[in-house]
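Source file: data31.cif (mmCIF, C-alpha atoms)
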data_target
loop_
_atom_site.label_atom_id
_atom_site.label_comp_id
_atom_site.auth_asym_id
_atom_site.auth_seq_id
_atom_site.Cartn_x
_atom_site.Cartn_y
_atom_site.Cartn_z
CA MET A 1 0.00 0.00 0.00
CA THR A 2 1.51 3.35 -1.04
CA HIS A 3 0.99 6.39 1.17
CA GLN A 4 2.04 9.96 0.53
CA THR A 5 4.75 11.31 2.84
CA HIS A 6 3.71 14.97 2.48
CA SER A 7 0.68 16.94 3.67
CA TYR A 8 -0.45 18.27 0.28
CA HIS A 9 -3.52 17.17 -1.67
CA MET A 10 -2.90 15.43 -4.99
CA VAL A 11 -6.36 15.69 -6.56
CA ASN A 12 -7.95 12.99 -8.72
CA PRO A 13 -8.06 13.83 -12.46
CA SER A 14 -11.13 15.98 -12.99
CA PRO A 15 -13.15 17.01 -16.05
CA TRP A 16 -14.38 20.29 -14.58
CA PRO A 17 -11.51 22.57 -15.64
CA LEU A 18 -12.21 21.49 -19.25
CA THR A 19 -15.98 21.94 -19.03
CA GLY A 20 -15.43 25.29 -17.26
CA ALA A 21 -13.11 26.51 -20.00
CA LEU A 22 -15.50 25.34 -22.72
CA SER A 23 -18.45 27.02 -20.99
CA ALA A 24 -16.43 30.28 -20.86
CA PHE A 25 -15.81 29.93 -24.60
CA LEU A 26 -19.53 29.34 -25.13
CA MET A 27 -20.24 32.44 -23.05
CA THR A 28 -18.10 34.72 -25.23
CA SER A 29 -19.43 33.16 -28.44
CA GLY A 30 -22.93 33.38 -27.00
CA LEU A 31 -22.55 37.08 -26.33
CA ILE A 32 -21.43 37.62 -29.94
CA MET A 33 -24.40 35.65 -31.26
CA TRP A 34 -26.69 37.73 -29.08
CA PHE A 35 -25.19 41.13 -29.90
CA HIS A 36 -24.75 40.61 -33.64
CA PHE A 37 -27.17 37.90 -34.72
CA ASN A 38 -30.04 38.19 -32.21
CA SER A 39 -29.70 34.56 -31.03
CA LEU A 40 -29.78 33.60 -27.34
CA ILE A 41 -29.29 29.82 -27.56
CA LEU A 42 -25.50 29.75 -27.14
CA LEU A 43 -25.58 32.23 -24.26
CA ALA A 44 -28.25 30.21 -22.47
CA LEU A 45 -26.25 27.03 -23.04
CA SER A 46 -23.14 28.70 -21.64
CA LEU A 47 -24.92 29.79 -18.45
CA LEU A 48 -26.24 26.27 -17.97
CA THR A 49 -22.88 24.54 -18.53
CA ASN A 50 -21.11 27.11 -16.36
CA THR A 51 -23.54 26.47 -13.50
CA LEU A 52 -23.20 22.69 -13.93
CA THR A 53 -19.41 23.00 -13.80
CA MET A 54 -19.42 25.18 -10.69
CA TYR A 55 -21.89 22.90 -8.90
CA GLN A 56 -19.92 19.73 -9.59
CA TRP A 57 -16.47 21.27 -9.00
CA TRP A 58 -17.41 22.66 -5.59
CA ARG A 59 -19.39 19.50 -4.73
CA ASP A 60 -16.15 17.55 -5.34
CA ILE A 61 -14.19 19.92 -3.08
CA VAL A 62 -16.69 19.29 -0.27
CA ARG A 63 -16.27 15.54 -0.87
CA GLU A 64 -12.47 15.82 -0.82
CA SER A 65 -12.46 17.81 2.43
CA THR A 66 -15.41 16.86 4.64
CA PHE A 67 -15.78 13.26 3.43
CA GLN A 68 -12.23 12.25 2.51
CA GLY A 69 -10.22 14.40 4.95
CA HIS A 70 -7.70 15.77 2.43
CA HIS A 71 -7.75 19.32 3.80
CA THR A 72 -4.80 19.22 6.15
CA PRO A 73 -3.62 22.46 7.82
CA THR A 74 -1.12 22.81 4.95
CA VAL A 75 -3.89 22.56 2.35
CA GLN A 76 -6.07 24.97 4.32
CA LYS A 77 -3.21 27.49 4.40
CA GLY A 78 -3.04 27.37 0.61
CA LEU A 79 -6.80 27.89 0.38
CA ARG A 80 -6.53 30.91 2.68
CA TYR A 81 -3.83 32.46 0.48
CA GLY A 82 -5.95 31.72 -2.56
CA MET A 83 -9.10 33.34 -1.20
CA ILE A 84 -7.18 36.42 -0.05
CA LEU A 85 -5.56 36.80 -3.49
CA PHE A 86 -8.92 36.38 -5.20
CA ILE A 87 -10.56 39.05 -3.03
CA LEU A 88 -7.59 41.35 -3.69
CA SER A 89 -8.08 40.88 -7.43
CA GLU A 90 -11.76 41.78 -7.02
CA ALA A 91 -10.80 44.89 -5.06
CA LEU A 92 -8.60 45.95 -8.00
CA PHE A 93 -11.50 45.25 -10.36
CA PHE A 94 -13.71 47.68 -8.44
CA MET A 95 -10.89 50.24 -8.16
CA GLY A 96 -11.03 50.53 -11.95
CA PHE A 97 -14.66 51.60 -11.85
CA PHE A 98 -14.01 54.02 -9.01
CA TRP A 99 -11.15 55.49 -11.12
CA ALA A 100 -13.57 55.99 -13.99
CA PHE A 101 -16.11 57.66 -11.69
CA TYR A 102 -13.61 60.09 -10.16
CA HIS A 103 -12.03 60.80 -13.57
CA SER A 104 -15.37 62.07 -14.88
CA SER A 105 -16.79 63.62 -11.72
CA LEU A 106 -13.77 65.57 -10.46
CA ALA A 107 -13.50 67.54 -13.73
CA PRO A 108 -16.95 67.55 -15.36
CA THR A 109 -16.82 68.59 -19.03
CA PRO A 110 -18.75 71.51 -20.58
CA GLU A 111 -20.98 68.92 -22.29
CA LEU A 112 -22.24 67.96 -18.84
CA GLY A 113 -22.87 71.59 -17.91
CA GLY A 114 -19.57 71.83 -16.07
CA SER A 115 -21.14 70.33 -12.94
CA TRP A 116 -21.51 67.02 -11.12
CA PRO A 117 -24.18 65.73 -11.06
CA PRO A 118 -24.50 66.78 -14.71
CA THR A 119 -27.26 69.23 -15.67
CA GLY A 120 -30.60 67.46 -15.89
CA ILE A 121 -29.59 64.48 -13.75
CA HIS A 122 -31.59 64.07 -10.52
CA PRO A 123 -29.58 61.71 -8.34
CA LEU A 124 -31.14 59.45 -5.69
CA ASN A 125 -31.41 60.98 -2.22
CA PRO A 126 -28.52 59.45 -0.23
CA LEU A 127 -30.48 59.74 3.02
CA GLU A 128 -33.35 57.58 1.82
CA VAL A 129 -33.05 53.95 0.55
CA PRO A 130 -29.26 54.14 0.03
CA LEU A 131 -28.82 54.90 3.76
CA LEU A 132 -31.14 52.01 4.64
CA ASN A 133 -29.04 49.78 2.38
CA THR A 134 -25.93 50.88 4.27
CA SER A 135 -27.48 49.95 7.62
CA VAL A 136 -28.69 46.61 6.21
CA LEU A 137 -25.20 45.58 5.08
CA LEU A 138 -23.53 46.83 8.26
CA ALA A 139 -26.03 44.82 10.32
CA SER A 140 -25.31 41.76 8.19
CA GLY A 141 -21.63 42.20 9.05
CA VAL A 142 -22.56 42.01 12.72
CA SER A 143 -24.79 38.96 12.27
CA ILE A 144 -22.17 37.02 10.32
CA THR A 145 -19.64 37.71 13.09
CA TRP A 146 -22.18 36.38 15.59
CA ALA A 147 -22.59 33.30 13.37
CA HIS A 148 -18.83 32.73 13.32
CA HIS A 149 -18.47 33.01 17.09
CA SER A 150 -21.43 30.67 17.60
CA LEU A 151 -19.80 28.19 15.22
CA MET A 152 -16.48 28.37 17.09
CA GLU A 153 -18.31 27.84 20.38
CA GLY A 154 -20.14 24.80 19.00
CA ASN A 155 -23.59 26.40 19.26
CA ARG A 156 -25.42 24.82 16.31
CA LYS A 157 -28.74 26.60 16.77
CA HIS A 158 -27.25 30.10 17.07
CA THR A 159 -24.97 29.51 14.08
CA LEU A 160 -28.00 28.62 11.95
CA GLN A 161 -30.04 31.57 13.27
CA ALA A 162 -27.29 34.13 12.73
CA LEU A 163 -26.47 32.78 9.26
CA LEU A 164 -30.13 32.94 8.33
CA ILE A 165 -30.37 36.56 9.50
CA THR A 166 -27.29 37.42 7.42
CA ILE A 167 -28.80 35.80 4.34
CA MET A 168 -32.16 37.56 4.85
CA LEU A 169 -30.40 40.92 5.17
CA GLY A 170 -28.47 40.23 1.97
CA LEU A 171 -31.69 39.38 0.12
CA TYR A 172 -33.37 42.48 1.58
CA PHE A 173 -30.50 44.62 0.23
CA THR A 174 -30.91 43.07 -3.22
CA LEU A 175 -34.67 43.68 -3.25
CA LEU A 176 -34.19 47.29 -2.14
CA GLN A 177 -31.59 47.87 -4.87
CA VAL A 178 -33.83 46.37 -7.53
CA SER A 179 -36.61 48.73 -6.47
CA GLU A 180 -34.18 51.69 -6.53
CA TYR A 181 -33.07 50.74 -10.05
CA TYR A 182 -36.70 50.70 -11.14
CA GLU A 183 -37.53 54.02 -9.45
CA ALA A 184 -34.45 56.00 -10.56
CA SER A 185 -35.19 58.90 -12.90
CA PHE A 186 -32.00 58.20 -14.91
CA THR A 187 -30.83 55.13 -16.88
CA ILE A 188 -27.49 53.58 -17.86
CA SER A 189 -27.61 55.47 -21.18
CA ASP A 190 -27.88 58.88 -19.50
CA GLY A 191 -24.34 59.95 -20.23
CA ILE A 192 -21.32 59.28 -18.11
CA TYR A 193 -23.35 59.68 -14.89
CA GLY A 194 -25.61 56.79 -15.84
CA SER A 195 -22.70 54.67 -17.04
CA THR A 196 -20.58 55.07 -13.91
CA PHE A 197 -23.55 54.72 -11.56
CA PHE A 198 -25.07 51.57 -13.01
CA VAL A 199 -21.83 49.77 -13.90
CA ALA A 200 -20.31 50.31 -10.42
CA THR A 201 -23.48 49.60 -8.43
CA GLY A 202 -24.49 46.87 -10.87
CA PHE A 203 -21.28 44.88 -10.43
CA HIS A 204 -21.58 45.41 -6.68
CA GLY A 205 -25.14 44.03 -6.75
CA LEU A 206 -23.91 40.99 -8.68
CA HIS A 207 -21.32 40.41 -5.95
CA VAL A 208 -24.01 40.66 -3.27
CA ILE A 209 -25.92 37.92 -5.10
CA ILE A 210 -22.77 35.79 -5.36
CA GLY A 211 -22.01 36.36 -1.67
CA SER A 212 -25.57 35.52 -0.65
CA THR A 213 -25.37 32.29 -2.67
CA PHE A 214 -22.11 31.38 -0.93
CA LEU A 215 -23.77 32.03 2.46
CA ILE A 216 -26.77 29.88 1.51
CA VAL A 217 -24.40 27.03 0.65
CA CYS A 218 -22.73 27.49 4.07
CA PHE A 219 -26.18 27.41 5.71
CA MET A 220 -26.98 24.08 4.04
CA ARG A 221 -23.59 22.67 5.01
CA GLN A 222 -24.10 23.76 8.62
CA LEU A 223 -27.54 22.08 8.56
CA THR A 224 -25.92 18.83 7.43
CA PHE A 225 -23.16 18.90 10.04
CA HIS A 226 -20.24 19.58 7.70
CA PHE A 227 -18.56 22.25 9.85
CA THR A 228 -16.73 21.60 13.12
CA SER A 229 -15.93 24.23 15.71
CA ASN A 230 -12.29 24.43 14.64
CA HIS A 231 -12.45 23.46 10.94
CA HIS A 232 -14.85 25.47 8.80
CA PHE A 233 -12.80 27.28 6.19
CA GLY A 234 -15.69 27.38 3.69
CA PHE A 235 -17.60 29.49 6.18
CA GLU A 236 -14.60 31.76 6.83
CA ALA A 237 -14.10 32.29 3.09
CA ALA A 238 -17.79 33.23 2.74
CA ALA A 239 -17.48 35.64 5.67
CA TRP A 240 -14.37 37.29 4.20
CA TYR A 241 -16.16 37.69 0.85
CA TRP A 242 -19.23 39.10 2.55
CA HIS A 243 -17.20 41.71 4.50
CA PHE A 244 -15.48 42.65 1.20
CA VAL A 245 -18.90 43.22 -0.42
CA ASP A 246 -19.90 45.38 2.55
CA VAL A 247 -16.72 47.51 2.30
CA VAL A 248 -17.21 48.05 -1.45
CA TRP A 249 -20.74 49.30 -0.73
CA LEU A 250 -19.42 51.77 1.86
CA PHE A 251 -17.04 53.19 -0.76
CA LEU A 252 -19.89 53.31 -3.30
CA TYR A 253 -22.18 55.05 -0.85
CA ILE A 254 -19.65 57.67 0.18
CA SER A 255 -18.30 58.35 -3.35
CA ILE A 256 -21.22 57.97 -5.74
CA TYR A 257 -24.33 58.37 -3.62
CA TRP A 258 -23.15 61.00 -1.12
CA TRP A 259 -20.23 63.00 -2.55
CA GLY A 260 -21.56 62.57 -6.09
CA SER A 261 -25.01 64.00 -5.36
CA MET B 262 -59.47 19.33 30.51
CA LEU B 263 -56.44 21.47 31.21
CA ARG B 264 -54.32 18.42 32.06
CA SER B 265 -55.22 16.73 28.77
CA LEU B 266 -54.34 19.95 26.93
CA LEU B 267 -50.95 20.00 28.64
CA ALA B 268 -50.43 16.33 27.75
CA LEU B 269 -51.32 17.06 24.10
CA ARG B 270 -48.83 19.95 24.05
CA GLN B 271 -46.07 17.70 25.41
CA ILE B 272 -46.77 15.01 22.82
CA ALA B 273 -46.82 17.56 19.98
CA GLN B 274 -43.51 19.04 21.13
CA ARG B 275 -41.89 15.63 21.41
CA THR B 276 -43.21 14.54 17.99
CA ILE B 277 -41.97 17.72 16.29
CA SER B 278 -38.56 17.54 17.91
CA THR B 279 -38.19 13.86 16.99
CA ALA B 280 -39.22 14.64 13.40
CA SER B 281 -36.62 17.39 13.09
CA ARG B 282 -34.06 15.11 14.67
CA ARG B 283 -34.85 12.53 11.99
CA GLN B 284 -34.56 15.18 9.24
CA PHE B 285 -31.21 16.56 10.37
CA GLU B 286 -29.33 13.63 11.74
CA ASN B 287 -25.62 13.75 11.16
CA LYS B 288 -25.11 11.72 8.00
CA VAL B 289 -21.48 12.77 7.55
CA PRO B 290 -20.02 9.45 8.88
CA GLU B 291 -21.99 7.53 6.21
CA LYS B 292 -20.70 9.87 3.52
CA GLN B 293 -17.17 9.51 4.83
CA LYS B 294 -17.47 5.72 4.55
CA LEU B 295 -18.83 5.96 0.99
CA PHE B 296 -16.18 8.36 -0.27
CA GLN B 297 -13.26 6.63 1.46
CA GLU B 298 -14.04 3.22 -0.05
CA ASP B 299 -10.92 1.87 -1.76
CA ASN B 300 -12.51 1.25 -5.18
CA GLY B 301 -10.33 3.48 -7.40
CA ILE B 302 -13.30 5.57 -8.55
CA PRO B 303 -12.40 9.28 -8.95
CA VAL B 304 -14.15 11.69 -6.64
CA HIS B 305 -16.34 13.21 -9.36
CA LEU B 306 -17.99 9.82 -9.98
CA LYS B 307 -17.72 8.27 -6.52
CA GLY B 308 -21.18 9.31 -5.31
CA GLY B 309 -23.07 6.90 -7.52
CA ILE B 310 -25.02 6.69 -10.75
CA ALA B 311 -26.33 10.27 -10.50
CA ASP B 312 -22.72 11.50 -10.71
CA ALA B 313 -22.18 9.64 -13.98
CA LEU B 314 -25.41 10.95 -15.50
CA LEU B 315 -24.66 14.55 -14.52
CA TYR B 316 -21.07 14.23 -15.82
CA ARG B 317 -22.27 12.84 -19.11
CA ALA B 318 -24.91 15.58 -19.49
CA THR B 319 -22.38 18.32 -18.72
CA MET B 320 -19.83 16.92 -21.18
CA ILE B 321 -22.39 16.47 -23.97
CA LEU B 322 -23.69 20.01 -23.52
CA THR B 323 -20.24 21.65 -23.42
CA VAL B 324 -18.65 19.66 -26.26
CA GLY B 325 -21.83 19.80 -28.35
CA GLY B 326 -22.14 23.51 -27.66
CA THR B 327 -18.54 24.06 -28.74
CA ALA B 328 -19.20 22.19 -32.00
CA TYR B 329 -22.33 24.28 -32.56
CA SER B 330 -20.45 27.53 -31.94
CA MET B 331 -17.79 26.43 -34.48
CA TYR B 332 -20.59 25.85 -36.99
CA GLN B 333 -22.05 29.30 -36.26
CA LEU B 334 -18.58 30.80 -36.71
CA ALA B 335 -18.29 29.12 -40.11
CA VAL B 336 -21.71 30.43 -41.15
CA ALA B 337 -20.89 33.94 -39.90
CA SER B 338 -17.57 33.88 -41.79
CA PHE B 339 -19.28 33.64 -45.17
CA PRO B 340 -22.08 36.20 -45.18
CA LYS B 341 -24.71 36.06 -47.94
CA LYS B 342 -24.04 38.72 -50.57
CA GLN B 343 -26.83 41.28 -50.90
CA GLY B 344 -28.04 41.08 -54.54
#
Spell out the structure here as structure tokens.
Amino acid sequence: MTHQTHSYHMVNPSPWPLTGALSAFLMTSGLIMWFHFNSLILLALSLLTNTLTMYQWWRDIVRESTFQGHHTPTVQKGLRYGMILFILSEALFFMGFFWAFYHSSLAPTPELGGSWPPTGIHPLNPLEVPLLNTSVLLASGVSITWAHHSLMEGNRKHTLQALLITIMLGLYFTLLQVSEYYEASFTISDGIYGSTFFVATGFHGLHVIIGSTFLIVCFMRQLTFHFTSNHHFGFEAAAWYWHFVDVVWLFLYISIYWWGS
Amino acid sequence: MLRSLLALRQIAQRTISTASRRQFENKVPEKQKLFQEDNGIPVHLKGGIADALLYRATMILTVGGTAYSMYQLAVASFPKKQG
């Protein structure tokens, strides 16, 4: 019987990197077919295959860790580095959109009326729903911290309650934002104001949805006894991501909603 | 009357708590046994027949989709001339 003499995880050969790459190819081709030839079939197929890949890839990671025990402290360290680097890359992604916003808003052109907000644009009142959204996300940061402490203390019921509250707050934020998008008097095609507003807040909203999905997965894993009080990296990764989403919102609120109004 | 109401409440509580205990019993040890079986099956197929079906469906859709997109590319590369 051969046993490894190191603490790393040598994964079984897996088809998911291939199906993931192919689904990404289908996504780009699908966008072209949609933009230029008015056909949605490839795009729909790409979303389906992408979802299938993500589901099966992450399902396999749960199997490798919780069921097969391959996530040694060494492996977990690598996963921590990986998650931190990924979140850093996302931070840089958002910095680009903030750069674009400040580029246009710090020196508004004559075409905009020489002012920010541009002439004719009626921005959303930062003290109404946007302020509520801020309090919702801040509260969700508190509840997820409560969930983590409950998890570390081995309190199953409180972990589930606090996680559920966090998820509900995330969904509440999303619903509020959708309603704001509907009610806004300006659209994405209303000049540079519309572009910067909806692209920055839109990508943020997408990340809230991704983060909420990650938290829902953690909730289901906690229900089925996957996490232990001292080994629950999936939960920690979700919490880090969620705090990141919260911080991006704070920057959005202060820059675009408040200073930019 | 009151005593029988109290008894009914106790039974209801016990039944509900037993039901939820049945729903969320810790099944992780069973899963650990299944996925640690020394049968040489890779992890993406080790869960059973559903794994194989889902794998096959995913592969057919991605490879088929890629072939279809190549076909669309070929069609788009030779646009019909407007008479």
- Item | Ground truth for the PyMOL selection byres ((chain A) within 10 of (chain B)), written as a PyMOL selection string | chain A and resi 11-16+18-26+29-30+33+36-37+41-43+45-46+48-53+56-57+59-61+63-69+223-226
Please write the residues from the selection above to a file, keeping C-alpha atoms, as a PDB file, in the frame of the given file.
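And here's result24.pdb as it stands now:
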ATOM      1  CA  VAL A  11      -6.360  15.690  -6.560  1.00  0.00           C
ATOM      2  CA  ASN A  12      -7.950  12.990  -8.720  1.00  0.00           C
ATOM      3  CA  PRO A  13      -8.060  13.830 -12.460  1.00  0.00           C
ATOM      4  CA  SER A  14     -11.130  15.980 -12.990  1.00  0.00           C
ATOM      5  CA  PRO A  15     -13.150  17.010 -16.050  1.00  0.00           C
ATOM      6  CA  TRP A  16     -14.380  20.290 -14.580  1.00  0.00           C
ATOM      7  CA  LEU A  18     -12.210  21.490 -19.250  1.00  0.00           C
ATOM      8  CA  THR A  19     -15.980  21.940 -19.030  1.00  0.00           C
ATOM      9  CA  GLY A  20     -15.430  25.290 -17.260  1.00  0.00           C
ATOM     10  CA  ALA A  21     -13.110  26.510 -20.000  1.00  0.00           C
ATOM     11  CA  LEU A  22     -15.500  25.340 -22.720  1.00  0.00           C
ATOM     12  CA  SER A  23     -18.450  27.020 -20.990  1.00  0.00           C
ATOM     13  CA  ALA A  24     -16.430  30.280 -20.860  1.00  0.00           C
ATOM     14  CA  PHE A  25     -15.810  29.930 -24.600  1.00  0.00           C
ATOM     15  CA  LEU A  26     -19.530  29.340 -25.130  1.00  0.00           C
ATOM     16  CA  SER A  29     -19.430  33.160 -28.440  1.00  0.00           C
ATOM     17  CA  GLY A  30     -22.930  33.380 -27.000  1.00  0.00           C
ATOM     18  CA  MET A  33     -24.400  35.650 -31.260  1.00  0.00           C
ATOM     19  CA  HIS A  36     -24.750  40.610 -33.640  1.00  0.00           C
ATOM     20  CA  PHE A  37     -27.170  37.900 -34.720  1.00  0.00           C
ATOM     21  CA  ILE A  41     -29.290  29.820 -27.560  1.00  0.00           C
ATOM     22  CA  LEU A  42     -25.500  29.750 -27.140  1.00  0.00           C
ATOM     23  CA  LEU A  43     -25.580  32.230 -24.260  1.00  0.00           C
ATOM     24  CA  LEU A  45     -26.250  27.030 -23.040  1.00  0.00           C
ATOM     25  CA  SER A  46     -23.140  28.700 -21.640  1.00  0.00           C
ATOM     26  CA  LEU A  48     -26.240  26.270 -17.970  1.00  0.00           C
ATOM     27  CA  THR A  49     -22.880  24.540 -18.530  1.00  0.00           C
ATOM     28  CA  ASN A  50     -21.110  27.110 -16.360  1.00  0.00           C
ATOM     29  CA  THR A  51     -23.540  26.470 -13.500  1.00  0.00           C
ATOM     30  CA  LEU A  52     -23.200  22.690 -13.930  1.00  0.00           C
ATOM     31  CA  THR A  53     -19.410  23.000 -13.800  1.00  0.00           C
ATOM     32  CA  GLN A  56     -19.920  19.730  -9.590  1.00  0.00           C
ATOM     33  CA  TRP A  57     -16.470  21.270  -9.000  1.00  0.00           C
ATOM     34  CA  ARG A  59     -19.390  19.500  -4.730  1.00  0.00           C
ATOM     35  CA  ASP A  60     -16.150  17.550  -5.340  1.00  0.00           C
ATOM     36  CA  ILE A  61     -14.190  19.920  -3.080  1.00  0.00           C
ATOM     37  CA  ARG A  63     -16.270  15.540  -0.870  1.00  0.00           C
ATOM     38  CA  GLU A  64     -12.470  15.820  -0.820  1.00  0.00           C
ATOM     39  CA  SER A  65     -12.460  17.810   2.430  1.00  0.00           C
ATOM     40  CA  THR A  66     -15.410  16.860   4.640  1.00  0.00           C
ATOM     41  CA  PHE A  67     -15.780  13.260   3.430  1.00  0.00           C
ATOM     42  CA  GLN A  68     -12.230  12.250   2.510  1.00  0.00           C
ATOM     43  CA  GLY A  69     -10.220  14.400   4.950  1.00  0.00           C
ATOM     44  CA  LEU A 223     -27.540  22.080   8.560  1.00  0.00           C
ATOM     45  CA  THR A 224     -25.920  18.830   7.430  1.00  0.00           C
ATOM     46  CA  PHE A 225     -23.160  18.900  10.040  1.00  0.00           C
ATOM     47  CA  HIS A 226     -20.240  19.580   7.700  1.00  0.00           C
TER      48      HIS A 226
END
- Message: Env of Gly120 (chain A): 12 Å cut, atoms = only C-alpha atoms, seq-sep filter 6 positions within chain, self excluded. Answer as number ranges by chain.
- Response: A: 111-114, 185-186, 190-191, 193-194
- Compile the contact shell of Met220 (chain A) as a PyMOL selection string: residues with an atom at most 12 Å away, counting all atoms listed in the file, same-chain residues fewer than 4 positions apart removed. (chain A and resi 159-160+163-164+167+213-216+224-227+234-235) or (chain B and resi 285)
Suppose we keep C-alpha atoms; can you now write the selection as a PDB file, in the coordinates of the input?
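Contents of part-v4.pdb, freshly written:
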ATOM      1  CA  THR A 159     -24.970  29.510  14.080  1.00  0.00           C
ATOM      2  CA  LEU A 160     -28.000  28.620  11.950  1.00  0.00           C
ATOM      3  CA  LEU A 163     -26.470  32.780   9.260  1.00  0.00           C
ATOM      4  CA  LEU A 164     -30.130  32.940   8.330  1.00  0.00           C
ATOM      5  CA  ILE A 167     -28.800  35.800   4.340  1.00  0.00           C
ATOM      6  CA  THR A 213     -25.370  32.290  -2.670  1.00  0.00           C
ATOM      7  CA  PHE A 214     -22.110  31.380  -0.930  1.00  0.00           C
ATOM      8  CA  LEU A 215     -23.770  32.030   2.460  1.00  0.00           C
ATOM      9  CA  ILE A 216     -26.770  29.880   1.510  1.00  0.00           C
ATOM     10  CA  THR A 224     -25.920  18.830   7.430  1.00  0.00           C
ATOM     11  CA  PHE A 225     -23.160  18.900  10.040  1.00  0.00           C
ATOM     12  CA  HIS A 226     -20.240  19.580   7.700  1.00  0.00           C
ATOM     13  CA  PHE A 227     -18.560  22.250   9.850  1.00  0.00           C
ATOM     14  CA  GLY A 234     -15.690  27.380   3.690  1.00  0.00           C
ATOM     15  CA  PHE A 235     -17.600  29.490   6.180  1.00  0.00           C
TER      16      PHE A 235
ATOM     17  CA  PHE B 285     -31.210  16.560  10.370  1.00  0.00           C
TER      18      PHE B 285
END
- Message: Take the PyMOL selection byres ((chain A and resi 87) around 12), run it mentally on this structure, and tell me the resulting residues as a list in words.
- Response: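 This file gives the following for the PyMOL selection byres ((chain A and resi 87) around 12): Arg80, Tyr81, Gly82, Met83, Ile84, Leu85, Phe86, Leu88, Ser89, Glu90, Ala91, Leu92, Phe93, Phe94, His207, Gly211, Ala237, Ala238, Ala239, Trp240, Tyr241, Trp242, His243, Phe244, Val245, Val247 and Val248 of chain A.
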Keeping only C-alpha atoms, write the selected residues to a file as a PDB file, in the coordinates of the input.
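What landed in again16.pdb:
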ATOM      1  CA  ARG A  80      -6.530  30.910   2.680  1.00  0.00           C
ATOM      2  CA  TYR A  81      -3.830  32.460   0.480  1.00  0.00           C
ATOM      3  CA  GLY A  82      -5.950  31.720  -2.560  1.00  0.00           C
ATOM      4  CA  MET A  83      -9.100  33.340  -1.200  1.00  0.00           C
ATOM      5  CA  ILE A  84      -7.180  36.420  -0.050  1.00  0.00           C
ATOM      6  CA  LEU A  85      -5.560  36.800  -3.490  1.00  0.00           C
ATOM      7  CA  PHE A  86      -8.920  36.380  -5.200  1.00  0.00           C
ATOM      8  CA  LEU A  88      -7.590  41.350  -3.690  1.00  0.00           C
ATOM      9  CA  SER A  89      -8.080  40.880  -7.430  1.00  0.00           C
ATOM     10  CA  GLU A  90     -11.760  41.780  -7.020  1.00  0.00           C
ATOM     11  CA  ALA A  91     -10.800  44.890  -5.060  1.00  0.00           C
ATOM     12  CA  LEU A  92      -8.600  45.950  -8.000  1.00  0.00           C
ATOM     13  CA  PHE A  93     -11.500  45.250 -10.360  1.00  0.00           C
ATOM     14  CA  PHE A  94     -13.710  47.680  -8.440  1.00  0.00           C
ATOM     15  CA  HIS A 207     -21.320  40.410  -5.950  1.00  0.00           C
ATOM     16  CA  GLY A 211     -22.010  36.360  -1.670  1.00  0.00           C
ATOM     17  CA  ALA A 237     -14.100  32.290   3.090  1.00  0.00           C
ATOM     18  CA  ALA A 238     -17.790  33.230   2.740  1.00  0.00           C
ATOM     19  CA  ALA A 239     -17.480  35.640   5.670  1.00  0.00           C
ATOM     20  CA  TRP A 240     -14.370  37.290   4.200  1.00  0.00           C
ATOM     21  CA  TYR A 241     -16.160  37.690   0.850  1.00  0.00           C
ATOM     22  CA  TRP A 242     -19.230  39.100   2.550  1.00  0.00           C
ATOM     23  CA  HIS A 243     -17.200  41.710   4.500  1.00  0.00           C
ATOM     24  CA  PHE A 244     -15.480  42.650   1.200  1.00  0.00           C
ATOM     25  CA  VAL A 245     -18.900  43.220  -0.420  1.00  0.00           C
ATOM     26  CA  VAL A 247     -16.720  47.510   2.300  1.00  0.00           C
ATOM     27  CA  VAL A 248     -17.210  48.050  -1.450  1.00  0.00           C
TER      28      VAL A 248
END
- Message: Just the number, please: distance in Å from CA of Gln161 (chain A) to CA of Ser140 (chain A), one decimal.
- Response: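 CA of Gln161 (chain A) sits 12.3 Å away from CA of Ser140 (chain A).
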- Message: Between CA of Phe173 (chain A) and CA of Phe198 (chain A), what is the distance in Å, rounded to a tenth?
- Response: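 Computed distance, CA of Phe173 (chain A) to CA of Phe198 (chain A), equals 15.9 Å.
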- Task: Please measure the separation of CA of Phe219 (chain A) and CA of Gly141 (chain A), giving the value in Å to one decimal.
- Result: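 Computing it gives 15.8 Å between the two atoms.
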- Item | Reference answer for the PyMOL selection byres ((chain A and resi 142) around 12), as a PyMOL selection string | chain A and resi 135-141+143-149+162-163+165-166+169+239+242-243+246
Provide an axis-aligned box for all listed atoms of region 291-306 of chain B, padding each side by 4 Å; report its centre and its edge lengths in Å to one decimal, as lines of an AutoDock Vina configuration file.
center_x = -16.2
center_y = 7.2
center_z = -1.9
size_x = 19.7
size_y = 20.0
size_z = 24.2
